[in-house]
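J.: Quick one: the structure is below, questions incoming.
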2 protein chains.
Amino acid sequence: MAEMVKVAVDAMGGDNAPGEIVKGAVEAVNADRRVKVFLVGREPAIREELKKYTCDGDRLEIVHAEEVIETAEPPVMAIRRKKDSSIVKCMNMVKDGTCDAMVSAGSTGAVLVGGQVIVGRIKGVERPPLAPLIPNAKGVSLLLDCGANVDARASQLLQFAKMGSIYMESVIGVKNPRVGLVNIGVEEEKGNALTKETYPLLLNCPEINFIGNVEARDIPEGAADVLVCEAFAGNIVLKMLEGVSSVLVGKIKEGMMSSLKSKLGALLVKPALKKTLKGFSTEEYGGAPLLGLNGLVVKTHGSSKAIEIQHSVLQCIAFKEQNINEKIKEQIVLETS
Amino acid sequence: MAEMVKVAVDAMGGDNAPGEIVKGAVEAVNADRRVKVFLVGREPAIREELKKYTCDGDRLEIVHAEEVIETAEPPVMAIRRKKDSSIVKCMNMVKDGTCDAMVSAGSTGAVLVGGQVIVGRIKGVERPPLAPLIPNAKGVSLLLDCGANVDARASQLLQFAKMGSIYMESVIGVKNPRVGLVNIGVEEEKGNALTKETYPLLLNCPEINFIGNVEARDIPEGAADVLVCEAFAGNIVLKMLEGVSSVLVGKIKEGMMSSLKSKLGALLVKPALKKTLKGFSTEEYGGAPLLGLNGLVVKTHGSSKAIEIQHSVLQCIAFKEQNINEKIKEQIVLETS
């Protein structure tokens with residue numbers, strides 16, 4: 001049997017901690033025998049939540065952490081000072097090899113900073129991108145970078161493309177994933193200084209399947225499997241997706257509730273609508289990995305419920321079993337040597 | 001009686017030219033007695049279309065133009081060489097004062113280039129932004145810049161904020177419009193080099209009502225009336241809005257057609273849904289003005305139907321009657337003196 005995949009879960013992070021986090025961790029343990037979870041946070045609170053469930057105790061451990069990093073705290077300071085916080089403890093468990101991966105719904109800033117400062121970058125990786133999976137009309141795309149570090153360089157975008165391709169192929173199972181450069185037009189000469197410099201680098205990279213520029217309008221249709229951009233653009237793509245979806249679904253509900261006739265109709269269409277819209281929800285796809293670190297760090301939504309935590313823990317299995325970091329190292333070494 | 005507002009309409013521009021363009025021009029003439037339209041393009045084709053309608057002939061003239069600029073043509077070359085094209089003729093009519101404004105659904109690149117090269121910038125305006133109105137949950141926002149010139153400077157973004165505020169207040173009628181800087185976080189220190197430099201300029205500008213940074217997630221909710229950004233970011237905002245809306249509406253139709261039960265329900269909810277979703281369509285709000293030129297240049301969607309052309313022509317009335325360009329001149333002179 002293969003070795004167990006060990007995942008540290010930040011039990012105190014996010015709006016629904018510790019309740020939903022603990023629930024999601026239990027569900028992950030019950031869903032797959034290959035995973036062992038360490039719930040990191042205030043032991044009494046975690047123990048209280050655990051009373052509600054049954055699961056294989058051998059594959060679920062509590063690691064006490066006294067402190068909690070709040071979302072509003074300046075991340076660099078928080079990571080430096082709160083050594084006994086759940087996030088820092090999770091990071092250290094990845095760093096020292098106790099765990100293969102960690103999952104947190106807590107402060108994005110703290111996760112990004114901690115990932116770089118504590119877990120550390122793979123040698124040769126210039127910048128670790130935050131890479132959420134976003135839904136499209138046909139499936140999912142990996143969008144990177146959506147992190148906090150904007151104003152990226154072309155060489156960094158090339159690394160994003162390589163790391164994203166590896167992740168998409170080995171973890172999500174998309175063969176020869178199509179890499180698109182997010183741009184304001186499809187023609188090669190379109191774009192800003194960064195995309196113009198990046199385009200030839202992607203075009204001449206033999207390790208990826210570059211399909212050219214992708215306009216934002218075609219992203220929701222699924223124009224590419226791996227969407228490469230710097231974090232400012234990536235943030236706008238992700239947040240517009242969430243914002244437009246939320247307003248449109250609201251408008252649809254408003255329309256359905258506007259008359260007796262439409263209310264009757266709503267009763268009949270709701271189950272079918274729920275099903276088709278479910279595939280287009282950003283919450284269905286677990287968390288966003290921070291790629292290129294010495295271990296796997298997964299950031300999930302601050303509003304994560306148990307289902308998202310469960311998915312995030314389970315995605316760590318493929319990440320380890322597929323040796324993603326070994327593959328990244330190979331490609332980055334290839335490039336820098 | 002106030003002077004007539006004269007608008008040159010590019011009868012050959014867009015996917016539905018000349019049919020829908022001519023129809024929209026006629027509808028505008030019939031809708032408002034203050035407007036006179038010059039239909040610019042191939043006379044026989046225009047005359048053929050005009051046979052289908054009746055309207056006040058005194059307020060509708062044909063101006064023959066032999067050539068047509070195609071969407072795929074390199075814009076700078078097209079503007080320079082095709083002197084007898086409908087776009088260039090429209091531009092010249094604005095430049096020489098025959099018309100106050102022009103409307104085109106043709107090549108965006110040619111309209112942007114022609115606007116700057118032929119119509120010309122107002123003295124002091126560094127860069128004329130393309131400023132579409134985009135729908136939000138409560139009404140509309142003006143998004144600028146969505147043009148072809150990326151990598152803007154902070155001083156240009158400040159001008160966008162001023163011109164956008166004037167347009168939103170005087171043409172759309174939003175009192176004291178809220179100006180937001182499109183950014184990846186709401187805190188002042190968030191963003192890239194450009195937004196960090198722009199923030200204090202907007203904050204210290206007494207002519208505008210700056211409300212701070214706006215995250216893309218809040219744009220569809222209507223977080224600001226005037227959304228300031230450089231064109232690469234603006235393009236992503238606009239195109240994601242269009243792309244996500246289109247995919248979601250497709251998913252909803254798919255869901256409604258998935259079973260007999262849902263089809264029955266669809267019949268009942270459709271009229272109400274259409275009504276609520278109509279307000280959230282990018283086609284409802286006429287064209288995007290190119291602000292800061294010596295005259296008004298309006299670019300509408302390439303896929304424009306008559307209704308959009310009509311709206312675009314009619315929005316030129318407020319633009320002229322409210323002396324928008326005089327107001328822009330005052331503020332830009334104020335700034336540069």
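Labels for the structure tokens follow display order: chains A, B, ..., residues from 1 in each chain, ligands from 1.
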Please, which residues of stretch 35-240 of chain B, numbered as in this document, come out alpha helix (DSSP H) from DSSP, as a ChimeraX atom specification?
T.: /B:43-50,75-81,86-95,108-114,154-170,193-203,231-240
J.: Find the residue from B:Gly255, B:Gly14, B:Gly139, B:Pro129 that sits nearest to B:Gly234; use only C-alpha atoms when measuring.
T.: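 Closest to B:Gly234 of all the choices is B:Pro129.
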J.: Apply DSSP to the structure's backbone, then extract all residues of stretch 194-224 of chain A labelled strand (DSSP E) and return them as a list in words.
T.: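 Across stretch 194-224 of chain A, those assigned strand (DSSP E) are Asn209, Phe210, Ile211, Gly212, Asn213, Val214 and Glu215 of chain A.
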J.: Determine the nearest neighbour of B:Phe280 from the options B:Ile211, B:Ala137, B:Val244, B:Ala72, counting only C-alpha atoms.
T.: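 Under the stated criterion, the closest residue is B:Ala137.
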J.: Do a neighbour search on B:Ile118 at 8 Å with only C-alpha atoms, toss out local chain neighbours closer than 5 positions, and write the hits as a VMD selection string.
T.: chain B and resid 88 91 to 92 95
J.: Using only C-alpha atoms, which residues sit within 12 Å of B:Glu187 once same-chain residues fewer than 5 positions away are excluded, as a list in words?
T.: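 Listed by chain and then number, they are Ala72 and Pro74 of chain A; Leu181, Val182, Thr195, Lys196, Tyr199, Ile211, Gly212, Asn213, Val214 and Glu215 of chain B.
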J.: Just to be explicit: take each residue in the selection above, keep C-alpha atoms, and write the result as a PDB file, in the first residue's frame.
T.:
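Result saved to again.pdb:
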ATOM      1  CA  ALA A  72      -7.669  41.870   9.230  1.00  0.00           C
ATOM      2  CA  PRO A  74      -1.170  42.635   8.614  1.00  0.00           C
TER       3      PRO A  74
ATOM      4  CA  LEU B 181     -10.644  52.883  -8.493  1.00  0.00           C
ATOM      5  CA  VAL B 182     -10.769  49.282  -9.743  1.00  0.00           C
ATOM      6  CA  THR B 195      -3.163  52.025  -8.569  1.00  0.00           C
ATOM      7  CA  LYS B 196      -0.903  52.945  -5.654  1.00  0.00           C
ATOM      8  CA  TYR B 199      -5.039  56.560  -5.316  1.00  0.00           C
ATOM      9  CA  ILE B 211     -15.061  56.671  -2.675  1.00  0.00           C
ATOM     10  CA  GLY B 212     -11.842  54.628  -2.710  1.00  0.00           C
ATOM     11  CA  ASN B 213     -10.853  51.282  -4.176  1.00  0.00           C
ATOM     12  CA  VAL B 214     -13.506  48.971  -5.600  1.00  0.00           C
ATOM     13  CA  GLU B 215     -12.984  45.217  -5.891  1.00  0.00           C
TER      14      GLU B 215
END
